[in-house]
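Here's upload_19.csv, which has CSV, C-alpha atoms:
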```csv
chain,number,residue,atom,x,y,z
A,712,MET,CA,-29.9,25.8,2.9
A,713,LYS,CA,-26.5,24.1,2.4
A,714,ARG,CA,-26.3,25.4,-1.2
A,715,GLY,CA,-27.0,28.9,0.0
A,716,ILE,CA,-24.2,28.6,2.6
A,717,ARG,CA,-21.8,27.3,-0.1
A,718,ILE,CA,-22.6,30.2,-2.4
A,719,PHE,CA,-22.2,32.7,0.4
A,720,ALA,CA,-18.9,31.2,1.5
A,721,THR,CA,-17.6,31.2,-2.1
A,722,LEU,CA,-18.5,34.9,-2.5
A,723,VAL,CA,-16.8,35.7,0.8
A,724,PHE,CA,-13.6,33.9,-0.2
A,725,THR,CA,-13.6,35.5,-3.6
A,726,THR,CA,-14.1,39.0,-2.2
A,727,LEU,CA,-11.3,38.5,0.3
A,728,ALA,CA,-9.0,37.1,-2.4
A,729,LEU,CA,-9.8,40.1,-4.7
A,730,ALA,CA,-9.3,42.5,-1.8
A,731,TYR,CA,-5.9,40.9,-1.0
A,732,ILE,CA,-4.8,41.3,-4.6
A,733,LEU,CA,-5.9,44.9,-4.8
A,734,TRP,CA,-4.1,45.6,-1.5
A,735,LYS,CA,-0.8,44.0,-2.7
A,736,ILE,CA,-0.6,45.8,-6.1
A,737,ASP,CA,-0.1,49.4,-7.1
A,738,LEU,CA,-3.5,49.9,-8.6
A,739,ASP,CA,-2.7,53.2,-10.3
A,740,ARG,CA,0.3,51.7,-12.0
A,741,THR,CA,-1.6,48.6,-13.0
A,742,VAL,CA,-4.3,50.7,-14.6
A,743,ASP,CA,-1.7,52.7,-16.5
A,744,VAL,CA,0.0,49.5,-17.8
A,745,LEU,CA,-3.3,48.1,-18.9
A,746,LEU,CA,-4.3,51.3,-20.7
A,747,ASP,CA,-0.9,51.4,-22.5
A,748,ALA,CA,-1.1,47.7,-23.4
A,749,SER,CA,-0.9,46.9,-27.1
A,750,PRO,CA,-4.4,45.9,-28.3
A,751,TRP,CA,-2.9,43.8,-31.1
A,752,TRP,CA,-0.8,41.6,-28.8
A,753,PHE,CA,-3.8,41.4,-26.4
A,754,ALA,CA,-6.0,40.3,-29.2
A,755,LEU,CA,-3.5,37.6,-30.2
A,756,ALA,CA,-3.4,36.3,-26.6
A,757,ALA,CA,-7.2,36.3,-26.3
A,758,GLY,CA,-7.6,34.7,-29.7
A,759,ILE,CA,-5.2,31.8,-28.7
A,760,MET,CA,-7.1,31.2,-25.5
A,761,ILE,CA,-10.5,31.3,-27.2
A,762,GLY,CA,-9.4,29.2,-30.1
A,763,THR,CA,-7.9,26.5,-28.0
A,764,ALA,CA,-11.1,26.1,-26.1
A,765,LEU,CA,-12.6,24.5,-29.2
A,766,PRO,CA,-10.3,21.5,-29.4
A,767,MET,CA,-10.6,21.2,-25.6
A,768,ALA,CA,-14.3,20.8,-26.1
A,769,LEU,CA,-13.6,18.2,-28.7
A,770,ARG,CA,-11.4,16.3,-26.3
A,771,TRP,CA,-14.1,16.4,-23.7
A,772,GLN,CA,-16.6,15.1,-26.3
A,773,TRP,CA,-14.3,12.1,-27.1
A,774,MET,CA,-14.0,11.2,-23.4
A,775,LEU,CA,-17.7,11.5,-22.7
A,776,ALA,CA,-18.5,9.3,-25.8
A,777,ALA,CA,-16.1,6.7,-24.6
A,778,GLN,CA,-18.2,6.4,-21.4
A,779,GLY,CA,-21.5,6.2,-23.3
A,780,MET,CA,-22.4,9.9,-22.9
A,781,PRO,CA,-22.6,11.4,-26.3
A,782,GLU,CA,-22.9,15.2,-26.3
A,783,ARG,CA,-23.1,17.9,-29.0
A,784,PHE,CA,-19.9,19.8,-29.7
A,785,ALA,CA,-21.8,23.2,-29.6
A,786,TRP,CA,-23.1,22.5,-26.1
A,787,LEU,CA,-19.7,21.4,-24.8
A,788,THR,CA,-18.0,24.5,-26.2
A,789,ARG,CA,-20.6,26.7,-24.5
A,790,ALA,CA,-20.1,24.8,-21.3
A,791,TYR,CA,-16.3,25.3,-21.5
A,792,PHE,CA,-16.7,29.1,-21.9
A,793,VAL,CA,-19.2,29.1,-19.0
A,794,SER,CA,-16.7,27.3,-16.8
A,795,TYR,CA,-14.0,29.7,-17.8
A,796,ALA,CA,-16.2,32.6,-16.7
A,797,ALA,CA,-17.0,30.8,-13.4
A,798,GLY,CA,-13.3,30.1,-12.9
A,799,GLN,CA,-12.7,33.9,-12.8
A,800,ILE,CA,-15.2,34.3,-10.0
A,801,LEU,CA,-14.7,31.2,-7.9
A,802,PRO,CA,-11.6,31.0,-5.7
A,803,THR,CA,-9.8,28.4,-7.8
A,804,ALA,CA,-9.8,27.0,-11.3
A,805,ILE,CA,-11.4,23.9,-9.9
A,806,GLY,CA,-14.6,25.9,-9.5
A,807,GLY,CA,-14.9,26.1,-13.2
A,808,ASP,CA,-14.5,22.3,-13.4
A,809,ALA,CA,-17.3,22.0,-10.8
A,810,VAL,CA,-19.6,24.0,-13.1
A,811,ARG,CA,-18.9,21.6,-15.9
A,812,VAL,CA,-19.6,18.6,-13.7
A,813,VAL,CA,-22.9,20.0,-12.4
A,814,GLU,CA,-24.1,21.0,-15.9
A,815,THR,CA,-23.2,17.7,-17.5
A,816,ALA,CA,-24.5,15.6,-14.7
A,817,ARG,CA,-27.9,17.2,-15.1
A,818,ARG,CA,-28.0,16.0,-18.7
A,819,HIS,CA,-26.9,12.5,-17.6
A,820,PRO,CA,-28.7,11.5,-14.4
A,821,GLY,CA,-27.0,8.9,-12.3
A,822,ARG,CA,-23.6,9.5,-14.0
A,823,THR,CA,-22.2,12.2,-11.7
A,824,ALA,CA,-19.2,10.0,-10.6
A,825,ASP,CA,-18.3,9.2,-14.2
A,826,VAL,CA,-18.6,12.9,-15.3
A,827,THR,CA,-16.5,14.0,-12.3
A,828,ALA,CA,-13.9,11.4,-13.2
A,829,ILE,CA,-13.7,12.6,-16.8
A,830,VAL,CA,-13.4,16.2,-15.9
A,831,LEU,CA,-10.7,15.6,-13.4
A,832,LEU,CA,-9.0,13.2,-15.8
A,833,GLU,CA,-8.9,16.0,-18.3
A,834,ARG,CA,-7.3,18.1,-15.6
A,835,GLY,CA,-4.8,15.3,-14.9
A,836,LEU,CA,-3.9,15.1,-18.6
A,837,GLY,CA,-3.2,18.8,-18.6
A,838,GLY,CA,-1.0,18.5,-15.6
A,839,THR,CA,0.9,15.6,-17.2
A,840,ALA,CA,1.4,17.4,-20.4
A,841,THR,CA,2.8,20.4,-18.5
A,842,VAL,CA,5.1,18.1,-16.6
A,843,LEU,CA,6.3,16.6,-19.8
A,844,LEU,CA,6.9,19.9,-21.5
A,845,GLY,CA,8.8,21.1,-18.4
A,846,ALA,CA,10.9,17.9,-18.5
A,847,MET,CA,11.8,18.5,-22.1
A,848,VAL,CA,12.9,22.0,-21.4
A,849,LEU,CA,15.0,20.9,-18.5
A,850,VAL,CA,16.7,18.3,-20.6
A,851,LEU,CA,17.6,21.0,-23.1
A,852,TYR,CA,18.9,23.5,-20.6
A,853,ILE,CA,20.2,21.3,-17.8
A,854,TRP,CA,23.9,21.9,-18.8
A,855,ARG,CA,23.4,25.6,-19.5
A,856,TYR,CA,22.0,26.9,-16.2
A,857,ASP,CA,22.1,26.0,-12.6
A,858,LEU,CA,18.6,24.7,-12.2
A,859,GLY,CA,19.0,23.6,-8.6
A,860,ALA,CA,15.6,23.3,-6.9
A,861,TYR,CA,13.7,23.4,-10.2
A,862,LEU,CA,15.2,20.1,-11.2
A,863,TRP,CA,14.2,18.4,-8.0
A,864,LEU,CA,10.7,19.9,-8.2
A,865,GLU,CA,10.3,18.7,-11.7
A,866,LEU,CA,11.5,15.2,-10.7
A,867,LEU,CA,8.9,15.3,-7.9
A,868,PHE,CA,6.2,16.1,-10.4
A,869,VAL,CA,7.3,13.3,-12.7
A,870,LEU,CA,7.3,10.8,-9.8
A,871,GLY,CA,3.9,12.0,-8.7
A,872,THR,CA,2.5,11.6,-12.2
A,873,PHE,CA,3.8,8.0,-12.4
A,874,VAL,CA,2.4,7.2,-9.0
A,875,LEU,CA,-1.1,8.5,-9.9
A,876,ALA,CA,-1.0,6.6,-13.2
A,877,PHE,CA,-0.1,3.4,-11.3
A,878,VAL,CA,-2.9,3.9,-8.8
A,879,PHE,CA,-5.6,4.6,-11.3
A,880,PHE,CA,-4.7,2.3,-14.2
A,881,ALA,CA,-2.6,-0.6,-12.9
A,882,ARG,CA,-4.5,-3.7,-11.7
A,883,ALA,CA,-1.6,-4.4,-9.4
A,884,ALA,CA,-2.6,-1.3,-7.4
A,885,ARG,CA,-6.0,-2.7,-6.4
A,886,PRO,CA,-4.8,-4.9,-3.5
A,887,LEU,CA,-3.0,-1.9,-2.1
A,888,LEU,CA,-6.1,0.3,-2.4
A,889,GLN,CA,-8.1,-2.4,-0.6
A,890,LEU,CA,-6.1,-1.7,2.5
A,891,SER,CA,-7.6,1.8,2.8
A,892,ARG,CA,-11.2,0.5,2.4
A,893,PRO,CA,-12.0,0.0,6.2
A,894,VAL,CA,-10.8,3.6,7.0
A,895,LEU,CA,-12.7,5.1,4.0
A,896,THR,CA,-15.8,3.2,5.0
A,897,ARG,CA,-15.8,4.6,8.5
A,898,LEU,CA,-15.3,8.1,7.0
A,899,ARG,CA,-18.2,7.4,4.5
A,900,LEU,CA,-15.9,8.1,1.6
A,901,GLU,CA,-15.5,4.6,0.3
A,902,LYS,CA,-18.4,4.6,-2.1
A,903,PRO,CA,-17.9,8.0,-3.8
A,904,LEU,CA,-14.1,7.4,-4.1
A,905,ARG,CA,-14.7,3.9,-5.5
A,906,LEU,CA,-17.1,5.3,-8.1
A,907,PHE,CA,-14.6,8.0,-9.0
A,908,TYR,CA,-11.9,5.4,-9.3
A,909,ASP,CA,-14.0,3.2,-11.5
A,910,GLY,CA,-14.8,6.1,-13.7
A,911,VAL,CA,-11.1,6.9,-14.3
A,912,HIS,CA,-10.0,3.2,-14.4
A,913,ALA,CA,-12.6,2.5,-17.2
A,914,PHE,CA,-10.3,4.4,-19.6
A,915,ARG,CA,-7.9,1.6,-19.3
A,916,SER,CA,-10.1,-0.1,-21.9
A,917,HIS,CA,-10.1,3.1,-24.1
A,918,GLY,CA,-6.4,3.4,-24.7
A,919,ARG,CA,-6.8,5.0,-28.1
A,920,VAL,CA,-9.2,7.7,-26.8
A,921,LEU,CA,-6.9,8.4,-23.8
A,922,GLY,CA,-3.8,8.5,-26.1
A,923,ALA,CA,-5.5,10.9,-28.6
A,924,ALA,CA,-6.7,13.1,-25.8
A,925,PHE,CA,-3.2,13.3,-24.3
A,926,ALA,CA,-1.6,14.1,-27.7
A,927,LEU,CA,-4.2,16.8,-28.2
A,928,THR,CA,-3.6,18.1,-24.7
A,929,LEU,CA,0.2,18.2,-25.2
A,930,ALA,CA,-0.2,20.2,-28.4
A,931,LEU,CA,-2.7,22.6,-26.8
A,932,GLN,CA,-0.4,23.2,-23.8
A,933,ALA,CA,2.4,24.1,-26.1
A,934,VAL,CA,0.2,26.5,-28.1
A,935,ARG,CA,-1.2,28.1,-25.0
A,936,ILE,CA,2.3,29.1,-24.0
A,937,LEU,CA,2.1,31.6,-26.9
A,938,ALA,CA,-0.8,33.3,-25.1
A,939,ILE,CA,1.5,34.0,-22.1
A,940,TRP,CA,4.2,35.3,-24.5
A,941,ALA,CA,1.6,37.5,-26.3
A,942,SER,CA,0.3,38.9,-23.0
A,943,ALA,CA,3.8,39.8,-21.9
A,944,ARG,CA,4.5,41.5,-25.2
A,945,ALA,CA,1.2,43.4,-24.8
A,946,VAL,CA,2.5,45.1,-21.7
A,947,GLY,CA,6.0,45.6,-22.9
A,948,ILE,CA,7.8,42.6,-21.5
A,949,ASP,CA,10.0,41.1,-24.1
A,950,LEU,CA,10.0,37.3,-23.8
A,951,SER,CA,10.9,34.8,-26.4
A,952,PRO,CA,8.7,31.8,-27.0
A,953,ARG,CA,11.6,29.9,-28.6
A,954,VAL,CA,13.1,26.9,-26.8
A,955,PHE,CA,16.5,27.3,-28.5
```

Transcribe the structure of this file into structure tokens.
Amino acid sequence: MKRGIRIFATLVFTTLALAYILWKIDLDRTVDVLLDASPWWFALAAGIMIGTALPMALRWQWMLAAQGMPERFAWLTRAYFVSYAAGQILPTAIGGDAVRVVETARRHPGRTADVTAIVLLERGLGGTATVLLGAMVLVLYIWRYDLGAYLWLELLFVLGTFVLAFVFFARAARPLLQLSRPVLTRLRLEKPLRLFYDGVHAFRSHGRVLGAAFALTLALQAVRILAIWASARAVGIDLSPRVF
């Protein structure tokens, strides 16, 4: 019953979100732009997005193996594409991650918390790589343009990244986290959050895997920028992918 309600609510929110988008855009003009789009630039953008899914599946395989959950590369690749498709239907990209968690947890009973931790840690690595790339660009252009609020926003993201890294990987954070235990226990959140924390914290002992996963993520994020550039070129927007 609860599952049916969740599915119904998801469909309702998705329908409302789609209706809002269609209401806010000039549909006729959008269709004209898409019909006039360059198929070659579109193919390049699609190729980049599809091609980068393969190393992302490899990264996922590394992280699962580090936690004692070996999986076939072919299955992980398929799961990634399924989650991509789900992410287009569900209200947020997190919906696609939820699909990966559910499908993987079925293959590894009793490891749902660990699987969730790995998938969300992947998401965190992606966010950290994006913050790092943004910081690099800001350093290059800080003297050329008035960045204003963008600079403070980037600093906020950097600070948040360091705080999360401290919380999940520093042993010194544990006494501080213990302070929240009584409240979380009353809310019945202590056990699932502790299991999730343990799943992420376990990678403290797998520094090489985490480092390799982050390096791969950083490279992928940089390459996927080219997909945005190619998509813009497909509809006649001339952007440069060059930093300098």

Nearby residues (all atoms listed in the file) at most 12 Å from Leu769 in chain A, same-chain spacing under 6 positions excluded, as JSON, numbers by chain: {"A": [762, 763, 775, 776, 781, 782, 783, 784, 785, 786, 787, 788, 789, 790, 791, 833, 920, 923, 924, 927, 928, 931]}

Polymer residues at most 9 Å from Gly845 in chain A, only C-alpha atoms, same-chain spacing of 5 or more positions, as an MDAnalysis selection string: chainID A and resid 840 850 865

For CA of Ala757 in chain A and CA of Ala796 in chain A, the interatomic separation in Å (one decimal):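 CA of Ala757 in chain A sits 13.7 Å away from CA of Ala796 in chain A.
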
Distance query Ala824 in chain A at most 12 Å, all atoms listed in the file, self and fewer than 2 positions along chain excluded, as a PyMOL selection string: chain A and resi 778+812-813+815-816+819-822+826-832+902-911+913

Between CA of Val842 in chain A and CA of Ala926 in chain A, distance in Å (one decimal): 13.6 Å

Atom pair CA of Gly806 in chain A / CA of Ile761 in chain A: separation (Å):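 Going from CA of Gly806 in chain A over to CA of Ile761 in chain A covers 19.0 Å.
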
Nearest candidate to Pro766 in chain A (options A:Ala730, A:Leu870, A:Arg892, A:Phe925; using only C-alpha atoms): A:Phe925

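Taking only C-alpha atoms into account, Met760 in chain A lies nearest to A:Phe792 out of the set A:Phe792, A:Arg919, A:Ala881, A:Trp854.
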
Selection: 9 Å around Thr841 in chain A, all atoms listed in the file, excl. self and same-chain fewer than 6 positions, as a ChimeraX atom specification: /A:929,932-933

Proximity to Arg770 in chain A - best of A:Leu738, A:Gly922, A:Phe868, A:Arg818, all atoms listed in the file: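 Counting all atoms listed in the file, the residue closest to Arg770 in chain A is A:Gly922.
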
Spatial neighbours of range 937-941 of chain A, 12 Å, only C-alpha atoms, chain gap at least 2 places, as a PyMOL selection string: chain A and resi 748-763+930-935+943-954
